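**Student:** Following this line is entry_36.cif, made up of mmCIF, C-alpha atoms:
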```cif
data_target
#
loop_
_atom_site.label_atom_id
_atom_site.label_comp_id
_atom_site.auth_asym_id
_atom_site.auth_seq_id
_atom_site.Cartn_x
_atom_site.Cartn_y
_atom_site.Cartn_z
CA MET Q 1 7.27 -28.08 21.88
CA ARG Q 2 6.61 -29.91 18.61
CA PRO Q 3 4.32 -28.40 15.94
CA HIS Q 4 1.48 -30.88 16.46
CA GLU Q 5 1.60 -30.11 20.19
CA LEU Q 6 1.32 -26.41 19.37
CA ALA Q 7 -1.69 -27.29 17.22
CA LEU Q 8 -3.31 -29.10 20.12
CA LYS Q 9 -2.58 -26.30 22.58
CA THR Q 10 -3.94 -23.60 20.28
CA GLY Q 11 -6.94 -25.72 19.32
CA ARG Q 12 -7.88 -26.09 22.97
CA ALA Q 13 -7.51 -22.34 23.49
CA LEU Q 14 -9.79 -21.55 20.52
CA GLN Q 15 -12.28 -24.36 21.17
CA SER Q 16 -15.77 -23.42 22.29
CA GLU Q 17 -17.08 -25.18 25.38
CA GLN Q 18 -20.60 -24.93 23.96
CA THR Q 19 -20.01 -26.33 20.46
CA GLY Q 20 -16.74 -28.27 20.76
CA TRP Q 21 -15.54 -26.62 17.53
CA VAL Q 22 -12.58 -24.32 17.05
CA HIS Q 23 -13.94 -20.81 16.45
CA LEU Q 24 -11.96 -18.17 14.57
CA CYS Q 25 -12.32 -15.76 11.66
CA PHE Q 26 -9.58 -14.71 9.25
CA GLU Q 27 -11.46 -11.66 7.97
CA GLY Q 28 -11.98 -10.01 11.36
CA ASP Q 29 -12.07 -10.41 15.12
CA SER Q 30 -15.26 -12.48 15.28
CA ARG Q 31 -15.25 -15.64 17.41
CA ASP Q 32 -18.56 -16.85 15.99
CA THR Q 33 -17.31 -18.45 12.77
CA ILE Q 34 -16.14 -22.07 12.47
CA PRO Q 35 -13.56 -22.82 9.74
CA LEU Q 36 -13.65 -26.44 8.59
CA PHE Q 37 -10.01 -26.87 7.57
CA GLU Q 38 -8.63 -25.52 10.85
CA ASN Q 39 -10.99 -27.82 12.74
CA GLY Q 40 -9.66 -30.69 10.66
CA CYS Q 41 -6.15 -29.72 11.72
CA PHE Q 42 -7.28 -29.75 15.35
CA ALA Q 43 -8.78 -33.22 14.84
CA LEU Q 44 -5.48 -34.51 13.43
CA ALA Q 45 -3.61 -32.98 16.39
CA LEU Q 46 -5.96 -34.81 18.76
CA LEU Q 47 -5.27 -38.10 16.99
CA ARG Q 48 -1.52 -37.52 17.06
CA THR Q 49 -1.58 -37.51 20.87
CA ARG Q 50 -2.34 -41.28 20.67
CA MET Q 51 -4.43 -40.89 23.83
CA SER Q 52 -7.76 -42.71 23.76
CA ASP Q 53 -10.00 -39.82 24.86
CA GLU Q 54 -8.37 -37.37 22.47
CA ALA Q 55 -8.51 -39.90 19.61
CA VAL Q 56 -12.25 -40.41 20.13
CA GLU Q 57 -12.76 -36.64 20.19
CA GLY Q 58 -10.71 -36.21 17.01
CA MET Q 59 -12.65 -38.91 15.14
CA GLU Q 60 -15.96 -37.38 16.22
CA LEU Q 61 -14.83 -34.01 14.89
CA ILE Q 62 -13.89 -35.57 11.54
CA LYS Q 63 -17.36 -37.16 11.34
CA GLN Q 64 -18.93 -33.76 11.87
CA ILE Q 65 -16.72 -32.15 9.21
CA LEU Q 66 -17.64 -34.86 6.68
CA ALA Q 67 -21.31 -34.04 7.22
CA PHE Q 68 -20.77 -30.67 5.53
CA GLU Q 69 -19.47 -32.08 2.24
CA VAL Q 70 -21.16 -30.83 -0.94
CA ASP Q 71 -20.33 -33.25 -3.77
CA GLY Q 72 -16.62 -33.34 -2.96
CA HIS Q 73 -16.44 -29.69 -1.90
CA PHE Q 74 -16.57 -28.04 1.52
CA PRO Q 75 -17.45 -24.52 2.67
CA VAL Q 76 -14.77 -22.32 4.21
CA TYR Q 77 -16.92 -21.67 7.28
CA LEU Q 78 -19.59 -23.97 8.68
CA HIS Q 79 -22.33 -21.31 8.52
CA GLU Q 80 -21.79 -20.93 4.74
CA TYR Q 81 -23.03 -24.49 4.06
CA PRO Q 82 -24.12 -25.47 1.42
CA LYS Q 83 -22.43 -22.56 -0.38
CA VAL Q 84 -18.93 -23.37 -1.67
CA ARG Q 85 -16.60 -20.57 -2.73
CA ASP Q 86 -13.16 -22.22 -2.76
CA GLN Q 87 -12.57 -25.65 -4.30
CA MET Q 88 -9.16 -25.82 -2.60
CA VAL Q 89 -10.78 -26.25 0.84
CA GLY Q 90 -11.73 -29.80 -0.07
CA LEU Q 91 -8.23 -30.57 -1.32
CA ARG Q 92 -6.67 -29.18 1.85
CA LEU Q 93 -9.02 -31.28 3.94
CA ALA Q 94 -8.12 -34.27 1.76
CA THR Q 95 -4.54 -33.92 2.99
CA LEU Q 96 -5.74 -34.31 6.57
CA PHE Q 97 -7.91 -37.29 5.59
CA TYR Q 98 -4.91 -38.82 3.79
CA TRP Q 99 -2.73 -38.78 6.91
CA ILE Q 100 -5.56 -39.92 9.18
CA ARG Q 101 -6.33 -42.80 6.83
CA LYS Q 102 -2.63 -43.68 6.57
CA ASP Q 103 -1.67 -43.50 10.25
CA TYR Q 104 -4.84 -44.38 12.17
CA SER Q 105 -6.80 -46.81 10.00
CA HIS Q 106 -6.66 -49.43 12.78
CA VAL Q 107 -8.83 -47.29 15.08
CA LEU Q 108 -11.16 -45.61 12.58
CA GLY Q 109 -13.79 -48.32 12.28
CA GLU Q 110 -16.70 -47.19 10.06
CA LEU Q 111 -15.08 -43.78 9.72
CA LYS Q 112 -12.46 -45.33 7.43
CA GLY Q 113 -15.06 -46.01 4.74
CA GLN Q 114 -16.51 -42.51 5.08
CA ILE Q 115 -13.05 -40.98 4.64
CA ASP Q 116 -12.34 -43.17 1.60
CA GLY Q 117 -15.59 -42.07 0.00
CA ALA Q 118 -14.86 -38.40 0.69
CA LEU Q 119 -11.34 -38.69 -0.77
CA ALA Q 120 -12.72 -40.21 -3.97
CA ARG Q 121 -15.36 -37.50 -4.35
CA ILE Q 122 -12.85 -34.71 -3.65
CA ALA Q 123 -10.52 -36.09 -6.33
CA ARG Q 124 -13.38 -36.05 -8.86
CA ALA Q 125 -14.64 -32.61 -7.84
CA VAL Q 126 -11.38 -30.66 -8.16
CA THR Q 127 -10.60 -29.63 -11.74
CA PRO Q 128 -6.83 -29.95 -12.27
CA ASP Q 129 -6.66 -27.77 -15.41
CA HIS Q 130 -6.86 -24.53 -13.46
CA CYS Q 131 -5.06 -25.69 -10.31
CA PRO Q 132 -1.64 -24.55 -9.07
CA ASP Q 133 1.24 -27.03 -9.29
CA TRP Q 134 0.93 -28.13 -5.66
CA ALA Q 135 -2.75 -29.00 -6.15
CA ARG Q 136 -2.14 -31.05 -9.30
CA ALA Q 137 0.66 -32.92 -7.55
CA ARG Q 138 -1.57 -33.56 -4.54
CA LEU Q 139 -4.33 -34.92 -6.76
CA ASP Q 140 -1.84 -37.33 -8.34
CA LEU Q 141 -0.70 -38.47 -4.90
CA LEU Q 142 -4.28 -39.06 -3.77
CA ALA Q 143 -4.77 -41.14 -6.91
CA GLY Q 144 -1.75 -43.28 -5.99
CA LYS Q 145 0.44 -41.97 -8.81
CA GLU Q 146 4.20 -41.49 -8.64
CA ILE Q 147 5.34 -37.88 -9.02
CA GLY Q 148 8.72 -36.37 -9.82
CA PRO Q 149 10.72 -33.91 -7.71
CA LEU Q 150 8.70 -30.86 -6.72
CA ALA Q 151 10.16 -27.38 -7.12
CA ILE Q 152 9.57 -24.01 -5.44
CA PRO Q 153 6.24 -22.67 -6.73
CA LYS Q 154 5.89 -19.67 -9.00
CA TRP Q 155 3.57 -17.85 -6.63
CA PRO Q 156 4.53 -17.05 -3.02
CA SER Q 157 1.04 -17.89 -1.77
CA ASP Q 158 1.58 -21.51 -2.86
CA PHE Q 159 4.86 -22.01 -1.01
CA ASP Q 160 3.48 -23.54 2.19
CA GLU Q 161 1.09 -25.77 0.27
CA MET Q 162 4.01 -27.11 -1.75
CA LEU Q 163 5.88 -28.00 1.45
CA ILE Q 164 2.83 -29.93 2.64
CA THR Q 165 2.64 -31.74 -0.71
CA MET Q 166 6.36 -32.57 -0.57
CA GLN Q 167 5.90 -34.34 2.74
CA MET Q 168 3.01 -36.33 1.30
CA ALA Q 169 5.36 -37.38 -1.53
CA GLY Q 170 8.15 -38.29 0.88
CA GLN Q 171 10.42 -35.60 -0.57
CA THR Q 172 12.81 -33.62 1.63
CA PRO Q 173 13.31 -29.97 0.56
CA HIS Q 174 17.09 -29.75 1.08
CA ALA Q 175 17.56 -26.87 -1.37
CA LEU Q 176 14.86 -24.82 0.33
CA ALA Q 177 16.28 -25.57 3.77
CA GLU Q 178 19.52 -23.85 2.73
CA LEU Q 179 17.49 -20.62 2.49
CA TRP Q 180 16.25 -20.90 6.07
CA ASP Q 181 18.00 -18.66 8.60
CA LYS Q 182 17.98 -20.67 11.83
CA GLU Q 183 19.10 -17.79 14.03
CA LEU Q 184 16.39 -15.37 12.89
CA GLY Q 185 13.80 -18.00 12.07
CA ILE Q 186 12.92 -16.65 8.62
CA PHE Q 187 12.93 -17.99 5.10
CA CYS Q 188 15.25 -15.93 2.90
CA GLY Q 189 14.15 -17.31 -0.46
CA PRO Q 190 13.19 -15.25 -3.50
CA GLY Q 191 9.82 -13.89 -4.43
CA LEU Q 192 7.87 -14.42 -1.23
CA LYS Q 193 5.30 -11.83 -0.25
CA ARG Q 194 6.55 -10.68 3.13
CA PHE Q 195 3.55 -10.09 5.37
CA GLN Q 196 4.14 -8.44 8.72
CA GLU Q 197 2.32 -9.08 12.01
CA GLU Q 198 2.87 -6.10 14.26
CA GLY Q 199 6.66 -5.72 14.55
CA GLU Q 200 7.81 -9.07 13.14
CA PRO Q 201 7.42 -11.22 10.01
CA ALA Q 202 4.05 -12.92 9.90
CA LEU Q 203 3.90 -16.52 11.07
CA HIS Q 204 3.53 -19.13 8.32
CA TYR Q 205 3.47 -22.90 8.06
CA ARG Q 206 7.05 -22.75 6.74
CA ASP Q 207 8.20 -21.32 10.08
CA LEU Q 208 6.81 -24.35 11.91
CA PHE Q 209 8.13 -26.76 9.27
CA PHE Q 210 11.72 -25.51 9.15
CA GLY Q 211 11.74 -24.75 12.88
CA ALA Q 212 10.84 -28.36 13.65
CA TRP Q 213 13.37 -29.76 11.19
CA SER Q 214 16.22 -27.51 12.33
CA GLY Q 215 15.32 -27.91 16.00
CA GLN Q 216 15.27 -24.13 16.48
CA PHE Q 217 11.97 -22.26 16.42
CA PRO Q 218 11.74 -18.47 16.13
CA SER Q 219 10.22 -17.09 19.31
CA ARG Q 220 7.24 -15.70 17.40
CA ALA Q 221 6.42 -19.27 16.27
CA ILE Q 222 5.69 -20.54 19.77
CA ARG Q 223 4.22 -17.37 21.26
CA GLY Q 224 0.55 -17.23 22.28
CA HIS Q 225 -2.22 -19.04 20.41
CA HIS Q 226 -1.74 -18.22 16.74
CA PRO Q 227 -4.19 -19.68 14.17
CA THR Q 228 -1.22 -20.87 12.09
CA HIS Q 229 -0.30 -23.20 14.97
CA LEU Q 230 -3.22 -25.40 13.94
CA LYS Q 231 -1.42 -26.24 10.69
CA GLY Q 232 1.39 -27.63 12.82
CA ALA Q 233 -0.61 -30.86 12.93
CA LEU Q 234 0.54 -31.41 9.33
CA VAL Q 235 4.29 -31.15 10.05
CA ARG Q 236 5.85 -34.61 9.80
CA PRO Q 237 9.17 -35.58 11.43
CA ILE Q 238 12.24 -35.42 9.18
CA LEU Q 239 15.09 -37.70 10.24
CA GLU Q 240 17.69 -36.35 7.81
CA PRO Q 241 20.08 -33.73 9.25
CA PHE Q 242 19.27 -30.10 8.60
CA PRO Q 243 21.67 -28.49 6.07
CA GLU Q 244 24.26 -26.15 7.57
CA SER Q 245 24.09 -22.84 5.75
CA GLN Q 246 23.86 -19.09 6.35
CA PRO Q 247 21.60 -17.45 3.75
CA GLU Q 248 22.01 -13.83 2.77
CA ARG Q 249 20.00 -11.59 5.07
CA VAL Q 250 19.86 -8.77 2.55
CA GLN Q 251 17.31 -9.52 -0.16
CA PHE Q 252 17.48 -7.42 -3.34
CA GLN Q 253 14.85 -8.18 -5.98
CA PRO Q 254 14.05 -5.03 -8.02
CA GLU Q 255 10.74 -6.40 -9.37
CA ALA Q 256 9.43 -7.71 -6.05
CA GLU Q 257 6.88 -5.98 -3.82
CA TRP Q 258 9.77 -5.36 -1.42
CA PRO Q 259 12.78 -4.71 -3.71
CA LEU Q 260 15.05 -4.39 -0.69
CA ALA Q 261 14.59 -6.27 2.59
CA LEU Q 262 17.14 -6.46 5.40
CA TYR Q 263 16.72 -8.65 8.51
CA TRP Q 264 18.57 -8.88 11.81
CA GLY Q 265 17.90 -9.62 15.47
CA ASP Q 266 18.31 -12.48 17.91
CA GLU Q 267 16.39 -15.43 19.32
CA SER Q 268 13.75 -13.14 20.87
CA VAL Q 269 12.91 -10.76 18.00
CA THR Q 270 13.39 -10.35 14.25
CA HIS Q 271 13.78 -6.79 12.98
CA SER Q 272 13.32 -5.72 9.37
CA PHE Q 273 14.05 -2.73 7.15
CA VAL Q 274 12.30 -2.75 3.78
CA LEU Q 275 11.61 -0.59 0.75
CA ALA Q 276 8.04 -0.54 -0.57
CA ARG Q 277 8.14 -0.55 -4.37
CA LYS Q 278 4.57 0.59 -5.08
CA HIS Q 279 4.86 2.49 -8.40
CA LEU Q 280 8.67 2.85 -8.34
CA GLU Q 281 11.04 1.44 -10.94
CA VAL Q 282 13.97 0.09 -8.93
CA SER Q 283 17.48 -0.51 -10.25
CA GLY Q 284 21.10 -0.24 -9.12
CA THR Q 285 22.50 -2.29 -6.24
CA PRO Q 286 21.54 -2.75 -2.58
CA ASN Q 287 24.17 -0.14 -1.66
CA GLU Q 288 23.31 2.32 -4.45
CA LEU Q 289 19.60 2.23 -5.18
CA ILE Q 290 18.13 4.15 -8.11
CA LEU Q 291 14.41 4.82 -7.67
CA THR Q 292 12.77 6.10 -10.85
CA LEU Q 293 9.49 7.87 -10.16
CA PRO Q 294 6.45 7.45 -12.43
CA GLN Q 295 5.74 9.93 -15.18
CA GLU Q 296 2.44 10.96 -13.62
CA LEU Q 297 2.98 13.66 -11.02
CA PRO Q 298 1.45 12.98 -7.59
CA ASP Q 299 -1.43 14.88 -6.05
CA ASP Q 300 -1.15 16.56 -2.70
CA GLY Q 301 -1.66 14.47 0.41
CA ASP Q 302 -0.45 10.93 0.98
CA LYS Q 303 0.28 10.36 -2.71
CA SER Q 304 3.03 12.97 -2.53
CA PHE Q 305 4.99 10.54 -0.31
CA GLU Q 306 6.38 8.70 -3.31
CA ILE Q 307 9.22 6.87 -1.54
CA GLY Q 308 8.88 4.92 1.68
CA PHE Q 309 11.27 2.77 3.69
CA PHE Q 310 9.87 0.95 6.71
CA LEU Q 311 11.65 -0.05 9.92
CA SER Q 312 9.89 -2.26 12.45
CA LEU Q 313 8.98 -0.17 15.49
CA HIS Q 314 10.95 -1.40 18.51
CA PRO Q 315 12.78 0.04 21.56
CA ASP Q 316 16.01 -1.43 20.17
CA HIS Q 317 16.07 1.25 17.46
CA SER Q 318 17.40 4.81 17.57
CA ILE Q 319 17.16 7.08 14.51
CA PHE Q 320 19.33 10.16 13.96
CA ILE Q 321 19.47 12.84 11.27
CA GLU Q 322 23.05 14.10 10.97
CA GLY Q 323 23.66 12.80 14.48
CA GLU Q 324 20.64 14.58 16.00
CA ARG Q 325 17.13 13.56 16.95
CA ALA Q 326 14.75 14.83 14.27
CA THR Q 327 11.56 14.06 12.39
CA THR Q 328 12.39 15.76 9.09
CA PHE Q 329 15.41 15.83 6.81
CA HIS Q 330 16.71 17.33 3.57
CA MET Q 331 18.20 15.56 0.61
CA GLY Q 332 21.89 14.87 1.17
CA GLU Q 333 21.61 14.52 4.94
CA LYS Q 334 22.71 11.26 6.50
CA ILE Q 335 20.12 9.18 8.33
CA THR Q 336 21.52 6.71 10.85
CA ILE Q 337 19.62 3.82 12.40
CA GLU Q 338 21.30 2.29 15.42
CA SER Q 339 19.87 -1.00 16.57
CA LYS Q 340 20.87 -3.87 18.77
CA GLY Q 341 23.65 -5.47 16.76
CA MET Q 342 23.19 -3.40 13.59
CA ARG Q 343 23.85 0.08 12.23
CA LEU Q 344 22.32 1.35 8.99
CA THR Q 345 22.96 4.62 7.22
CA LEU Q 346 21.13 6.01 4.21
CA CYS Q 347 21.29 9.21 2.24
CA PHE Q 348 18.90 10.43 -0.47
CA SER Q 349 19.96 12.57 -3.44
CA ALA Q 350 18.36 13.84 -6.65
CA ASP Q 351 19.71 15.91 -9.55
CA GLU Q 352 16.29 17.39 -10.29
CA GLY Q 353 13.20 18.27 -8.32
CA HIS Q 354 12.48 19.45 -4.80
CA PHE Q 355 11.92 16.82 -2.11
CA PHE Q 356 11.50 16.82 1.64
CA GLY Q 357 11.99 13.91 4.03
CA HIS Q 358 9.90 12.85 7.00
CA LEU Q 359 10.29 10.37 9.83
CA LEU Q 360 6.89 9.26 11.06
CA GLN Q 361 5.07 6.26 12.45
CA GLY Q 362 2.85 4.16 10.22
CA ASN Q 363 2.50 0.73 8.68
CA ARG Q 364 4.04 -0.98 5.69
CA PRO Q 365 1.44 -2.05 3.10
CA SER Q 366 1.83 -5.74 4.03
CA GLN Q 367 0.92 -5.19 7.69
CA VAL Q 368 -1.92 -7.56 8.65
CA SER Q 369 -2.40 -6.63 12.32
CA ASN Q 370 -3.86 -3.13 11.88
CA LYS Q 371 -7.50 -4.19 12.07
CA GLY Q 372 -10.20 -4.41 14.70
CA GLU Q 373 -9.11 -2.79 17.94
CA LYS Q 374 -5.65 -2.20 16.42
CA HIS Q 375 -6.97 -0.47 13.30
CA PHE Q 376 -5.20 2.78 14.13
CA ALA Q 377 -2.07 1.24 15.67
CA ALA Q 378 1.35 1.87 14.10
CA PHE Q 379 3.97 -0.86 13.99
CA ASP Q 380 6.65 0.78 11.84
CA TRP Q 381 8.87 3.79 11.52
CA LYS Q 382 8.41 5.18 8.01
CA ILE Q 383 11.29 7.04 6.40
CA ALA Q 384 9.40 8.85 3.67
CA VAL Q 385 10.38 11.24 0.90
CA ARG Q 386 7.69 13.71 -0.14
CA THR Q 387 7.63 15.32 -3.54
CA CYS Q 388 7.25 19.09 -3.50
CA SER Q 389 7.94 19.56 -7.22
CA ARG Q 390 9.70 17.56 -9.94
CA PRO Q 391 9.79 16.91 -13.70
CA GLU Q 392 7.72 14.09 -15.15
CA ARG Q 393 10.69 11.73 -15.33
CA CYS Q 394 12.91 11.86 -12.30
CA SER Q 395 15.11 9.53 -10.25
CA VAL Q 396 16.15 9.56 -6.61
CA LYS Q 397 19.33 7.83 -5.54
CA VAL Q 398 19.73 6.18 -2.14
CA ALA Q 399 23.16 5.37 -0.74
CA LEU Q 400 22.67 2.59 1.81
CA HIS Q 401 25.23 1.02 4.11
CA TRP Q 402 24.85 -1.46 6.95
CA GLU Q 403 27.23 -3.13 9.36
CA GLN Q 404 26.94 -5.44 12.31
CA MET Q 405 27.79 -3.69 15.54
CA PRO Q 406 28.09 -4.42 19.25
CA ASP Q 407 24.91 -3.60 21.10
CA CYS Q 408 24.09 0.07 20.54
CA PRO Q 409 22.85 2.27 23.40
CA PRO Q 410 19.11 2.30 24.06
CA PRO Q 411 17.11 5.02 22.30
CA LEU Q 412 16.32 8.33 23.94
CA PRO Q 413 12.65 9.00 24.70
CA SER Q 414 12.07 11.93 22.35
CA HIS Q 415 11.95 12.43 18.58
CA ALA Q 416 11.71 16.22 18.42
CA SER Q 417 12.40 17.88 15.08
CA HIS Q 418 15.17 20.44 14.71
CA TYR Q 419 13.73 21.76 11.43
CA GLN Q 420 10.98 24.22 10.79
CA HIS Q 421 8.51 22.97 8.18
CA ILE Q 422 9.47 25.52 5.54
CA GLU Q 423 9.30 24.27 1.95
#
```
Any chance you could give the structure as structure tokens?
**Tutor:**
Amino acid sequence: MRPHELALKTGRALQSEQTGWVHLCFEGDSRDTIPLFENGCFALALLRTRMSDEAVEGMELIKQILAFEVDGHFPVYLHEYPKVRDQMVGLRLATLFYWIRKDYSHVLGELKGQIDGALARIARAVTPDHCPDWARARLDLLAGKEIGPLAIPKWPSDFDEMLITMQMAGQTPHALAELWDKELGIFCGPGLKRFQEEGEPALHYRDLFFGAWSGQFPSRAIRGHHPTHLKGALVRPILEPFPESQPERVQFQPEAEWPLALYWGDESVTHSFVLARKHLEVSGTPNELILTLPQELPDDGDKSFEIGFFLSLHPDHSIFIEGERATTFHMGEKITIESKGMRLTLCFSADEGHFFGHLLQGNRPSQVSNKGEKHFAAFDWKIAVRTCSRPERCSVKVALHWEQMPDCPPPLPSHASHYQHIE
């Protein structure tokens, strides 16, 4: 299924029979709110079917969206009109108007003039001085200007928007495609904030973009009715062959939110093992991590868990402490993770201080699915080191080794501890 077909399918699933609008809310589970940009994506998906009934429906939806313009700006949700809190909403909608104007001008009729007027007002309303690079480039494109080659943005949150802008400019991101792992369906580039949805990497526009270009979608990209599917209406066909490459699946960036991130799996699931940096100073190598703790000593409670590795919770995984099932461990003991196709071992050590290790269920800080009915759900194993006592300046070393393996045996049902909690 192509991305714009996913957009149509998901739009139909989220469309209200009473209003005809797509209803969804990004801040919670409400189905009462109506986001304008996502409805614009649905309208473009309807037009891309090139079926008369769908085209009429798509144009009618665009007319309704245009009615909520406020001097070149648009509200995030319909009910917020005339309040505007994000000037980028108008610029994102302008991208949809750009493609509709470019590809379907012969069927737009009077709507063509309305779109042209809206594009002109949006271009005047957005102030380029304080815009990210992708937005300034998009404004230039809307003004008919030539732009030079676009590069990977400085901020991870702008990455998908830059891909959209590149397609508007007719630029093909070959260098970025070399960082796409076709087998796992993840982007392995630097600096990205790695959100997690339940047990797998969160779905982004880039997954639809590179999946369509490579001809191989990750299973999570075509599963269910995900709001990100609506952005698939913006994915344009790329005729150039996809670069053949195998990016490194172990990401080590000491200053990043996740200094260490390791991925593996198959066509059905993508597993991950990550280190949360939080307040740690990270150095060393992926195989010999040095985690320097902050000078301020932690309080009791959750803050005493100063080190945390997270493993996506999945039946493929078995965790052993010195070859036994356990939920606690001491410094110097070997922790082994056996997974389908992968084996990881890690061992903590410290020259000073008293620490105690725990294996428990929880969620990495970038988990986005633990809300609403799933507020108390756990989607990760957390391998945590708790501080009992230590000097103000102290480092913990982590020896880490991984190797690809034949399929490991399925996990046993129990995780009973063989240690008494004596500290």
**Student:** Counting all atoms listed in the file, which residue out of Q:His330, Q:Arg236, Q:Arg393, Q:Arg101 sits closest to Gln295 in chain Q?
**Tutor:**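 The answer is Q:Arg393, which sits nearest to Gln295 in chain Q.
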**Student:** Applying the PyMOL selection byres ((chain Q and resi 75) around 12) to the file I just gave you, which residues come out? Please list them as number ranges by chain.
**Tutor:** Q: 33-37, 65-74, 76-93
**Student:** Step by step, work through what the PyMOL selection byres ((chain Q and resi 363-378) around 9) selects in the shown file, and finish by giving those residues as a ChimeraX atom specification.
**Tutor:** /Q:28-29,193-199,202,274,276,308-313,361-362,379-382
**Student:** Tell me, as a list in words, which residues lie within 12 Å of Ser105 in chain Q, counting all atoms listed in the file; anything in the same chain fewer than 4 positions away does not count.
**Tutor:** Leu47, Ala55, Met59, Phe97, Tyr98, Trp99, Ile100, Arg101, Gly109, Glu110, Leu111, Lys112, Gly113, Gln114, Ile115 and Asp116 of chain Q
**Student:** To one decimal place in Å, what is the distance between CA of Asp133 in chain Q and CA of Arg206 in chain Q?
**Tutor:**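 Value for the CA of Asp133 in chain Q-CA of Arg206 in chain Q distance: 17.6 Å.
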**Student:** Which residues would end up in the selection if the PyMOL selection byres ((chain Q and resi 338) around 6) were applied here, given that I need the answer as a PyMOL selection string?
**Tutor:** chain Q and resi 317-318+337+339+343
